[in-house]
>>> print(open('run.cif').read())   # mmCIF, C-alpha atoms
data_data
loop_
_atom_site.label_atom_id
_atom_site.label_comp_id
_atom_site.auth_asym_id
_atom_site.auth_seq_id
_atom_site.Cartn_x
_atom_site.Cartn_y
_atom_site.Cartn_z
CA MET A 1470 61.59 99.44 354.63
CA ALA A 1471 60.43 102.82 355.90
CA GLY A 1472 62.29 104.53 353.06
CA CYS A 1473 60.49 102.40 350.46
CA CYS A 1474 57.12 103.22 352.02
CA ALA A 1475 57.92 106.94 351.94
CA VAL A 1476 58.82 106.76 348.27
CA LEU A 1477 55.67 104.84 347.44
CA ARG A 1478 53.52 107.28 349.44
CA GLY A 1479 55.09 110.21 347.63
CA PHE A 1480 54.51 108.57 344.23
CA LEU A 1481 50.84 107.85 344.94
CA PHE A 1482 49.71 110.96 346.84
CA GLU A 1483 51.87 113.79 345.48
CA TYR A 1484 51.37 115.78 342.26
CA ASP A 1485 53.98 117.88 340.47
CA THR A 1486 53.56 120.32 337.61
CA PRO A 1487 56.21 122.13 335.54
CA ARG A 1488 56.78 125.79 336.28
CA ILE A 1489 57.02 128.20 333.35
CA VAL A 1490 59.38 131.16 333.65
CA LEU A 1491 58.69 134.08 331.31
CA ILE A 1492 61.98 135.87 330.58
CA ARG A 1493 61.51 139.49 329.53
CA SER A 1494 64.59 139.90 327.33
CA ARG A 1495 64.79 141.17 323.76
CA LYS A 1496 67.97 139.17 323.10
CA VAL A 1497 66.58 135.86 324.34
CA GLY A 1498 63.21 136.47 322.68
CA LEU A 1499 64.75 137.30 319.29
CA MET A 1500 67.02 134.23 319.48
CA ASN A 1501 64.01 132.04 320.28
CA ARG A 1502 62.00 133.40 317.32
CA ALA A 1503 65.02 133.10 315.00
CA VAL A 1504 65.43 129.41 315.87
CA GLN A 1505 61.70 128.83 315.30
CA LEU A 1506 61.90 130.60 311.93
CA LEU A 1507 64.89 128.48 310.90
CA ILE A 1508 63.03 125.29 311.79
CA LEU A 1509 59.97 126.50 309.89
CA ALA A 1510 62.07 127.46 306.87
CA TYR A 1511 63.73 124.03 306.90
CA VAL A 1512 60.39 122.21 307.03
CA ILE A 1513 58.80 124.33 304.30
CA GLY A 1514 61.84 124.91 302.06
CA TRP A 1515 63.70 121.61 302.28
CA VAL A 1516 61.17 118.98 303.35
CA PHE A 1517 58.15 120.22 301.40
CA VAL A 1518 59.43 122.30 298.46
CA TRP A 1519 62.81 120.72 297.60
CA GLU A 1520 62.35 117.13 298.76
CA LYS A 1521 58.57 117.15 298.10
CA GLY A 1522 57.90 115.59 301.49
CA TYR A 1523 54.17 115.99 300.92
CA GLN A 1524 54.40 113.31 298.20
CA GLU A 1525 54.69 109.54 298.38
CA MET A 1526 57.43 108.07 296.16
CA ASP A 1527 58.26 104.77 294.46
CA SER A 1528 61.32 103.59 292.51
CA VAL A 1529 61.07 102.23 289.00
CA VAL A 1530 61.15 98.53 288.05
CA SER A 1531 62.32 98.08 284.48
CA SER A 1532 62.95 95.61 281.66
CA VAL A 1533 64.91 96.31 278.47
CA THR A 1534 65.25 94.58 275.10
CA THR A 1535 67.39 95.79 272.19
CA LYS A 1536 67.62 95.15 268.47
CA ALA A 1537 70.33 96.37 266.09
CA LYS A 1538 70.00 96.85 262.34
CA GLY A 1539 72.44 97.68 259.56
CA VAL A 1540 74.56 96.12 256.81
CA ALA A 1541 78.22 96.74 255.98
CA VAL A 1542 80.56 95.58 253.21
CA THR A 1543 84.32 94.90 253.49
CA ASN A 1544 87.03 93.71 251.13
CA SER A 1545 90.27 92.53 252.77
CA SER A 1546 93.17 90.24 251.90
CA ASP A 1547 92.25 87.82 254.73
CA LEU A 1548 88.49 87.56 254.21
CA GLY A 1549 87.98 88.91 250.69
CA PHE A 1550 84.71 90.55 249.70
CA ARG A 1551 82.16 90.12 252.48
CA ILE A 1552 78.77 91.40 253.58
CA TRP A 1553 78.21 91.87 257.32
CA ASP A 1554 74.74 91.79 258.87
CA VAL A 1555 73.38 91.70 262.42
CA ALA A 1556 74.12 87.98 262.90
CA ASP A 1557 77.82 88.69 262.19
CA TYR A 1558 78.56 91.74 264.36
CA VAL A 1559 76.16 91.48 267.35
CA ILE A 1560 77.82 89.10 269.81
CA PRO A 1561 76.07 87.41 271.61
CA PRO A 1562 72.64 87.80 269.99
CA GLN A 1563 71.01 88.85 273.29
CA GLU A 1564 72.29 90.22 276.59
CA GLU A 1565 70.59 91.59 279.69
CA ASP A 1566 70.16 95.37 279.29
CA SER A 1567 73.17 95.47 276.93
CA LEU A 1568 74.22 95.02 273.32
CA PHE A 1569 77.73 94.52 271.90
CA VAL A 1570 78.46 95.69 268.36
CA MET A 1571 81.77 94.54 266.85
CA THR A 1572 83.55 97.40 265.07
CA ASN A 1573 87.09 96.07 264.59
CA MET A 1574 88.88 92.72 264.59
CA ILE A 1575 92.09 90.76 264.24
CA VAL A 1576 91.45 87.54 262.31
CA THR A 1577 93.72 84.48 262.41
CA THR A 1578 92.51 81.94 259.84
CA ASN A 1579 93.08 78.22 259.34
CA GLN A 1580 94.47 77.46 262.79
CA THR A 1581 95.19 73.79 263.60
CA GLN A 1582 96.52 71.97 266.66
CA GLY A 1583 100.30 71.63 266.29
CA THR A 1584 103.66 73.25 267.03
CA CYS A 1585 104.88 76.63 265.76
CA PRO A 1586 107.10 79.57 266.77
CA GLU A 1587 105.77 81.97 269.40
CA ILE A 1588 105.27 85.69 268.68
CA PRO A 1589 108.57 87.54 269.42
CA ASP A 1590 108.80 89.49 272.68
CA GLU A 1591 111.31 89.80 275.50
CA THR A 1592 110.24 86.47 277.03
CA THR A 1593 110.12 84.34 273.84
CA LEU A 1594 113.26 85.40 271.93
CA CYS A 1595 116.00 82.76 271.95
CA ARG A 1596 119.30 81.74 270.39
CA ALA A 1597 119.43 78.07 271.35
CA ASP A 1598 117.22 75.35 272.82
CA THR A 1599 118.70 76.03 276.26
CA ASP A 1600 116.91 79.40 276.27
CA CYS A 1601 113.53 77.64 276.18
CA ARG A 1602 111.96 75.65 279.02
CA ALA A 1603 109.82 72.68 278.01
CA GLY A 1604 106.35 72.69 279.58
CA SER A 1605 106.40 76.31 280.69
CA THR A 1606 103.58 78.75 279.97
CA GLY A 1607 103.50 82.47 280.53
CA THR A 1608 100.58 84.76 281.32
CA HIS A 1609 100.54 86.05 277.75
CA SER A 1610 101.69 82.83 276.08
CA ASN A 1611 99.75 81.33 273.18
CA GLY A 1612 100.65 77.76 274.11
CA VAL A 1613 103.00 75.39 275.97
CA GLU A 1614 106.74 75.58 275.20
CA THR A 1615 108.29 72.45 273.70
CA GLY A 1616 111.86 73.38 274.69
CA LYS A 1617 113.01 74.06 271.11
CA CYS A 1618 114.30 77.33 269.63
CA VAL A 1619 113.02 77.67 266.06
CA PRO A 1620 113.10 80.41 263.37
CA PHE A 1621 110.22 82.87 263.45
CA ASN A 1622 111.51 84.53 260.27
CA ALA A 1623 114.81 84.92 258.44
CA SER A 1624 116.41 86.97 261.22
CA VAL A 1625 114.54 86.15 264.46
CA LYS A 1626 114.22 82.96 266.51
CA THR A 1627 111.61 82.28 269.19
CA CYS A 1628 110.69 79.41 271.46
CA GLU A 1629 108.42 76.82 269.89
CA VAL A 1630 104.99 76.21 271.44
CA ALA A 1631 102.34 73.54 271.16
CA ALA A 1632 99.23 75.56 270.36
CA TRP A 1633 96.64 76.48 267.78
CA CYS A 1634 98.94 77.38 264.89
CA PRO A 1635 99.74 79.81 263.45
CA VAL A 1636 99.46 81.78 266.70
CA GLU A 1637 97.66 85.11 266.78
CA ASP A 1638 99.64 88.31 266.27
CA ASP A 1639 97.70 91.18 267.89
CA THR A 1640 100.54 93.67 268.14
CA ARG A 1641 98.90 95.95 265.57
CA VAL A 1642 95.23 96.91 265.74
CA PRO A 1643 93.71 97.79 262.33
CA ARG A 1644 93.27 101.52 261.71
CA PRO A 1645 90.76 102.71 260.66
CA ALA A 1646 88.30 100.28 262.23
CA PHE A 1647 87.43 97.26 260.08
CA LEU A 1648 83.67 97.90 260.40
CA LYS A 1649 83.81 101.69 260.39
CA ALA A 1650 80.40 101.68 258.66
CA ALA A 1651 78.87 100.64 262.00
CA GLU A 1652 78.55 104.36 262.70
CA ASN A 1653 75.33 104.33 260.69
CA PHE A 1654 73.85 101.19 262.26
CA THR A 1655 70.71 101.73 264.32
CA LEU A 1656 69.62 100.44 267.71
CA LEU A 1657 66.01 99.97 268.81
CA VAL A 1658 65.59 100.12 272.59
CA LYS A 1659 62.32 98.80 274.04
CA ASN A 1660 61.85 99.70 277.69
CA ASN A 1661 58.94 98.72 279.93
CA ILE A 1662 58.63 100.28 283.38
CA TRP A 1663 56.45 99.60 286.41
CA TYR A 1664 55.89 101.41 289.70
CA PRO A 1665 54.57 98.61 291.94
CA LYS A 1666 53.41 100.84 294.80
CA PHE A 1667 51.05 102.73 292.47
CA ASN A 1668 50.45 99.84 290.02
CA PHE A 1669 51.44 102.13 287.13
CA SER A 1670 53.16 100.79 284.01
CA LYS A 1671 54.28 102.29 280.73
CA ARG A 1672 56.77 101.77 277.91
CA ASN A 1673 59.03 104.07 275.92
CA ILE A 1674 57.18 103.33 272.66
CA LEU A 1675 54.43 105.83 273.37
CA PRO A 1676 50.75 105.24 272.49
CA ASN A 1677 50.81 107.83 269.69
CA VAL A 1678 53.73 106.14 267.90
CA THR A 1679 52.63 104.37 264.70
CA THR A 1680 54.33 101.59 262.75
CA SER A 1681 55.16 103.91 259.86
CA TYR A 1682 56.71 106.48 262.23
CA LEU A 1683 58.79 103.80 263.93
CA LYS A 1684 60.19 102.69 260.56
CA SER A 1685 61.32 106.18 259.60
CA CYS A 1686 62.27 108.05 262.79
CA ILE A 1687 65.76 108.40 264.28
CA TYR A 1688 66.21 109.86 267.76
CA ASP A 1689 67.08 113.54 267.91
CA ALA A 1690 66.87 115.52 271.14
CA HIS A 1691 65.13 118.41 269.36
CA THR A 1692 63.11 116.95 266.48
CA HIS A 1693 62.36 113.37 267.63
CA PRO A 1694 62.97 113.26 271.42
CA PHE A 1695 60.73 110.22 271.98
CA CYS A 1696 61.83 108.05 269.05
CA PRO A 1697 63.29 104.80 270.53
CA ILE A 1698 65.63 104.18 267.55
CA PHE A 1699 69.17 105.53 267.87
CA ARG A 1700 71.99 105.88 265.34
CA LEU A 1701 75.17 104.49 266.92
CA GLY A 1702 77.36 107.35 265.71
CA LYS A 1703 74.93 109.91 267.20
CA ILE A 1704 74.96 108.16 270.59
CA VAL A 1705 78.76 108.46 270.80
CA GLU A 1706 78.69 112.01 269.43
CA ASP A 1707 76.12 113.16 272.00
CA ALA A 1708 78.41 111.77 274.72
CA GLY A 1709 81.22 114.02 273.44
CA HIS A 1710 83.38 111.41 271.68
CA SER A 1711 84.30 110.36 268.14
CA PHE A 1712 82.76 107.11 266.93
CA GLN A 1713 85.62 106.34 264.53
CA ASP A 1714 88.21 106.76 267.31
CA MET A 1715 86.20 104.65 269.72
CA ALA A 1716 85.58 101.95 267.10
CA VAL A 1717 89.28 101.11 266.77
CA GLU A 1718 89.81 99.69 270.27
CA GLY A 1719 86.24 99.60 271.53
CA GLY A 1720 84.60 100.97 274.66
CA ILE A 1721 81.43 101.05 276.73
CA MET A 1722 78.59 103.52 276.20
CA GLY A 1723 75.71 104.17 278.57
CA ILE A 1724 72.21 104.90 277.27
CA GLN A 1725 70.43 106.46 280.24
CA ILE A 1726 66.61 106.50 280.37
CA LYS A 1727 65.15 108.68 283.09
CA TRP A 1728 61.52 108.27 284.16
CA ASN A 1729 60.46 110.93 286.67
CA CYS A 1730 56.68 110.85 286.80
CA ASN A 1731 54.21 112.93 288.79
CA LEU A 1732 51.24 110.57 288.85
CA ASP A 1733 48.91 113.29 290.11
CA ARG A 1734 49.04 114.56 286.54
CA ALA A 1735 47.90 112.82 283.34
CA ALA A 1736 49.68 109.55 282.47
CA SER A 1737 50.54 111.00 279.05
CA LEU A 1738 52.91 113.44 280.78
CA CYS A 1739 55.02 110.58 282.17
CA LEU A 1740 57.69 110.53 279.45
CA PRO A 1741 61.20 109.06 279.07
CA ARG A 1742 64.23 111.34 278.88
CA TYR A 1743 67.36 110.04 277.13
CA SER A 1744 70.99 110.93 277.78
CA PHE A 1745 74.32 109.35 276.83
CA ARG A 1746 77.76 109.05 278.36
CA ARG A 1747 80.90 106.98 277.94
CA LEU A 1748 81.31 104.59 280.86
CA ASP A 1749 84.84 103.23 280.39
CA THR A 1750 87.61 105.54 281.55
CA ARG A 1751 89.46 107.23 278.71
CA ASP A 1752 92.59 108.88 280.07
CA VAL A 1753 95.16 109.83 277.41
CA GLU A 1754 97.99 110.03 279.96
CA HIS A 1755 97.19 106.65 281.56
CA ASN A 1756 96.01 104.62 278.60
CA VAL A 1757 96.97 101.08 279.65
CA SER A 1758 94.69 98.33 278.28
CA PRO A 1759 92.19 100.70 276.65
CA GLY A 1760 88.84 99.88 275.11
CA TYR A 1761 86.85 96.66 275.13
CA ASN A 1762 87.65 93.38 273.37
CA PHE A 1763 87.37 89.61 273.64
CA ARG A 1764 88.09 86.51 271.55
CA PHE A 1765 85.89 83.86 270.02
CA ALA A 1766 86.47 81.12 267.44
CA LYS A 1767 84.55 79.45 264.62
CA TYR A 1768 85.36 75.74 264.25
CA TYR A 1769 85.13 73.55 261.16
CA ARG A 1770 86.79 70.54 259.52
CA ASP A 1771 88.93 70.45 256.40
CA PRO A 1772 88.23 67.97 253.55
CA ALA A 1773 90.53 65.42 255.24
CA GLY A 1774 88.51 65.61 258.47
CA GLY A 1775 91.06 67.59 260.47
CA GLU A 1776 89.77 70.18 262.94
CA GLN A 1777 90.48 73.82 262.11
CA ARG A 1778 89.28 77.15 263.41
CA THR A 1779 89.23 80.85 262.65
CA LEU A 1780 90.16 82.91 265.72
CA ILE A 1781 88.69 86.41 265.97
CA LYS A 1782 89.79 89.04 268.46
CA ALA A 1783 86.76 91.32 268.43
CA TYR A 1784 86.91 94.99 269.36
CA GLY A 1785 83.64 96.84 269.72
CA ILE A 1786 81.29 99.05 271.65
CA ARG A 1787 79.03 97.69 274.34
CA PHE A 1788 75.87 99.71 274.84
CA ASP A 1789 74.51 99.45 278.40
CA VAL A 1790 70.92 100.65 278.88
CA ILE A 1791 70.53 102.18 282.35
CA VAL A 1792 66.99 102.93 283.52
CA PHE A 1793 66.25 105.00 286.62
CA GLY A 1794 63.60 107.33 287.98
CA LYS A 1795 60.85 107.73 290.53
CA ALA A 1796 57.11 108.32 290.65
CA THR A 1797 55.41 110.67 293.09
CA VAL A 1798 51.81 110.91 294.34
CA LEU A 1799 50.28 113.33 296.86
CA CYS A 1800 50.21 111.86 300.37
CA ASP A 1801 46.92 110.44 301.65
CA VAL A 1802 46.54 113.18 304.27
CA ILE A 1803 46.34 115.87 301.59
CA VAL A 1804 44.32 113.82 299.13
CA LEU A 1805 41.77 112.58 301.65
CA TYR A 1806 41.28 115.69 303.76
CA CYS A 1807 42.50 118.84 301.95
CA MET A 1808 41.52 118.54 298.30
CA LYS A 1809 38.15 119.47 296.81
CA LYS A 1810 37.50 115.90 295.68
CA ARG A 1811 38.36 114.43 299.08
CA PHE A 1812 35.01 112.62 299.42
CA TYR A 1813 35.45 111.02 295.99
CA TYR A 1814 38.99 109.86 296.86
CA ARG A 1815 37.82 108.45 300.21
CA GLU A 1816 35.12 106.47 298.44
CA LYS A 1817 37.70 104.99 296.04
CA LYS A 1818 40.35 104.33 298.69
CA TYR A 1819 38.21 102.65 301.36
CA LYS A 1820 35.96 99.67 300.92
CA TYR A 1821 33.26 99.29 303.57
CA VAL A 1822 32.01 95.81 304.47
CA GLU A 1823 29.61 94.50 307.09
CA ASP A 1824 30.72 92.37 309.99
CA PHE A 1825 30.97 88.82 308.68
CA GLU A 1826 29.22 87.18 311.65
CA GLN A 1827 26.37 89.71 311.65
CA GLY A 1828 25.88 89.27 307.92
CA LEU A 1829 25.88 85.49 308.30
CA ALA A 1830 23.34 85.65 311.16
CA GLY A 1831 21.08 87.88 309.08
CA GLU A 1832 21.11 85.40 306.21
CA MET A 1833 20.28 82.52 308.55
CA ASP A 1834 17.33 84.47 310.01
CA GLN A 1835 15.91 84.86 306.54
#
>>> encode(input="run.cif", output="structure tokens")
Amino acid sequence: MAGCCAVLRGFLFEYDTPRIVLIRSRKVGLMNRAVQLLILAYVIGWVFVWEKGYQEMDSVVSSVTTKAKGVAVTNSSDLGFRIWDVADYVIPPQEEDSLFVMTNMIVTTNQTQGTCPEIPDETTLCRADTDCRAGSTGTHSNGVETGKCVPFNASVKTCEVAAWCPVEDDTRVPRPAFLKAAENFTLLVKNNIWYPKFNFSKRNILPNVTTSYLKSCIYDAHTHPFCPIFRLGKIVEDAGHSFQDMAVEGGIMGIQIKWNCNLDRAASLCLPRYSFRRLDTRDVEHNVSPGYNFRFAKYYRDPAGGEQRTLIKAYGIRFDVIVFGKATVLCDVIVLYCMKKRFYYREKKYKYVEDFEQGLAGEMDQ
């Protein structure tokens, strides 16, 4: 108990103060100033100059819509003479921040539900029915095996399958690409951005762009850097690739839109910057399952009422629009207290109101 009282008495009635020792040493003094200079250089060089720590930042919120245009003509043994427009080669019609343009295809026409020989490979070749297992399906099978070994052609037999017949043969991809003319198709990209912290919005179709200009311009980094219409072949070329090579098996291209805006300057100086790169990995030495493709079918009925379909394995280029950037504004401390127009900014930033109860009492007195 006495110990507790002594501690309490010391806490209440004693006062301590730190003692400063001044060391007269050139070595210690120089080290101290060097550390202070390093800290000062870090604050000024990194925080303020490089990272712009004196500015307030906000990340961009974006929406994107796209529209392709272009017409191509083909003449093949399977499809004959045919005109291709946007409704034929843009699949699906709309995607979120993306657009797929079909550039190549494998077409299997007049398929019906039935039985037919499977495509020959190491798992489907057979000599007798005993080589086929009824009801089995493989990962790459086109149907369900019936258990029969049937002729595929004059010299080869394969296991029969119940499937959409005739089954698709995709062992050979058409070269050159079926829609090689897609190189000259155009893509309009409409991008709206918003910085919510600063309530600032803008779009990539700039205010000075007219309807006549939009109908005639094509993006070029030097002559038309703010035209939102891009030629597909030029997009791939600017990314360092060949459109005709990419069109054969497909791929994924990124259209990057960078919005870095200093909102202390005029809004007209907040401008989009475009760049392009291929997003899917293209490694010549490890080229397993290259490109980009998928299948879809068009269904119809023959004159007798039977269901038929045309199966299309579509190869193409998907264009992903990637928007990023940031907006910066001088921090309030500098704007409100250091700049010449500080009183004007204070007036706009703060709204002064009277006390509600006092104002109400004053009205009642009147």
>>> residues_around(input="run.cif", residues="segment 1536-1552 of chain A", least_positions_apart="5", cutoff="6 Å", atoms="all atoms listed in the file", output="list in words")
Phe1654, Thr1655, Leu1656 and Leu1657 of chain A
>>> resolve_selection(input="run.cif", expression="the PyMOL selection byres ((chain A and resi 1526) around 7)", output="PyMOL selection string")
chain A and resi 1524-1525+1527-1528+1795-1798
>>> resolve_selection(input="run.cif", expression="the PyMOL selection byres ((chain A and resi 1707) around 12)", output="VMD selection string")
chain A and resid 1688 to 1690 1699 to 1706 1708 to 1712 1722 to 1724 1743 to 1747
>>> atom_distance(input="run.cif", atom1="atom CA of Thr1593 of chain A", atom2="atom CA of Asp1639 of chain A")
15.4 Å
>>> residues_around(input="run.cif", residues="Gly1775 of chain A", least_positions_apart="3", cutoff="12 Å", atoms="all atoms listed in the file", output="list of chain:residue names")
A:Asn1579, A:Gln1580, A:Thr1581, A:Gln1582, A:Gly1583, A:Tyr1768, A:Tyr1769, A:Arg1770, A:Asp1771, A:Pro1772, A:Arg1778
>>> atom_distance(input="run.cif", atom1="atom CA of Leu1732 of chain A", atom2="atom CA of Asp1566 of chain A")
26.1 Å
>>> closest_residue(input="run.cif", among="A:Tyr1682, A:Trp1728, A:Phe1647, A:Phe1695", to="Trp1553 of chain A", atoms="all atoms listed in the file")
A:Phe1647
>>> resolve_selection(input="run.cif", expression="the PyMOL selection byres ((chain A and resi 1644) around 10)", output="list in words")
Asn1573, Arg1641, Val1642, Pro1643, Pro1645, Ala1646, Phe1647, Lys1649, Gln1713, Asp1714, Ala1716, Val1717 and Glu1718 of chain A
>>> residues_near_point(input="run.cif", point="(110.8, 80.1, 270.4)", cutoff="9 Å", atoms="all atoms listed in the file", output="list in words")
Cys1585, Pro1586, Glu1587, Ile1588, Pro1589, Thr1593, Leu1594, Cys1595, Arg1596, Ala1597, Asp1598, Asp1600, Cys1601, Glu1614, Thr1615, Gly1616, Lys1617, Cys1618, Val1619, Pro1620, Phe1621, Lys1626, Thr1627, Cys1628, Glu1629 and Val1630 of chain A
>>> closest_residue(input="run.cif", among="A:Phe1793, A:Val1533, A:Ala1766, A:Thr1578", to="Gln1563 of chain A", atoms="all atoms listed in the file")
A:Val1533
>>> atom_distance(input="run.cif", atom1="atom CA of Arg1502 of chain A", atom2="atom CA of Gly1514 of chain A")
17.5 Å
>>> closest_residue(input="run.cif", among="A:Thr1592, A:Ile1786, A:Asn1653, A:Gly1720", to="Arg1751 of chain A", atoms="all atoms listed in the file")
A:Gly1720
>>> residues_near_point(input="run.cif", point="(90.2, 103.3, 273.6)", cutoff="6 Å", atoms="only C-alpha atoms", output="mmCIF file with C-alpha atoms, in the coordinates of the input")
data_model
loop_
_atom_site.group_PDB
_atom_site.id
_atom_site.type_symbol
_atom_site.label_atom_id
_atom_site.label_comp_id
_atom_site.auth_asym_id
_atom_site.auth_seq_id
_atom_site.Cartn_x
_atom_site.Cartn_y
_atom_site.Cartn_z
ATOM 1 C CA MET A 1715 86.200 104.650 269.720
ATOM 2 C CA GLU A 1718 89.810 99.690 270.270
ATOM 3 C CA GLY A 1719 86.240 99.600 271.530
ATOM 4 C CA PRO A 1759 92.190 100.700 276.650
ATOM 5 C CA GLY A 1760 88.840 99.880 275.110
#
>>> closest_residue(input="run.cif", among="A:Val1570, A:Ile1687, A:Ile1791, A:Val1678", to="Ala1650 of chain A", atoms="only C-alpha atoms")
A:Val1570
>>> closest_residue(input="run.cif", among="A:Thr1572, A:Thr1535, A:Asn1622, A:Ser1610", to="Glu1637 of chain A", atoms="only C-alpha atoms")
A:Ser1610
>>> closest_residue(input="run.cif", among="A:Ala1623, A:Val1530, A:Ile1560, A:Leu1683", to="Ser1670 of chain A", atoms="all atoms listed in the file")
A:Val1530
>>> residues_around(input="run.cif", residues="Ser1737 of chain A", least_positions_apart="5", cutoff="10 Å", atoms="all atoms listed in the file", output="compact mmCIF listing (two decimals) with C-alpha atoms, keeping the file's coordinate frame")
# COMPACT_ATOMS: atom_id res chain seq x y z
CA LYS A 1671 54.28 102.29 280.73
CA LEU A 1675 54.43 105.83 273.37
CA PRO A 1676 50.75 105.24 272.49
CA ASN A 1677 50.81 107.83 269.69
CA CYS A 1730 56.68 110.85 286.80
CA LEU A 1732 51.24 110.57 288.85
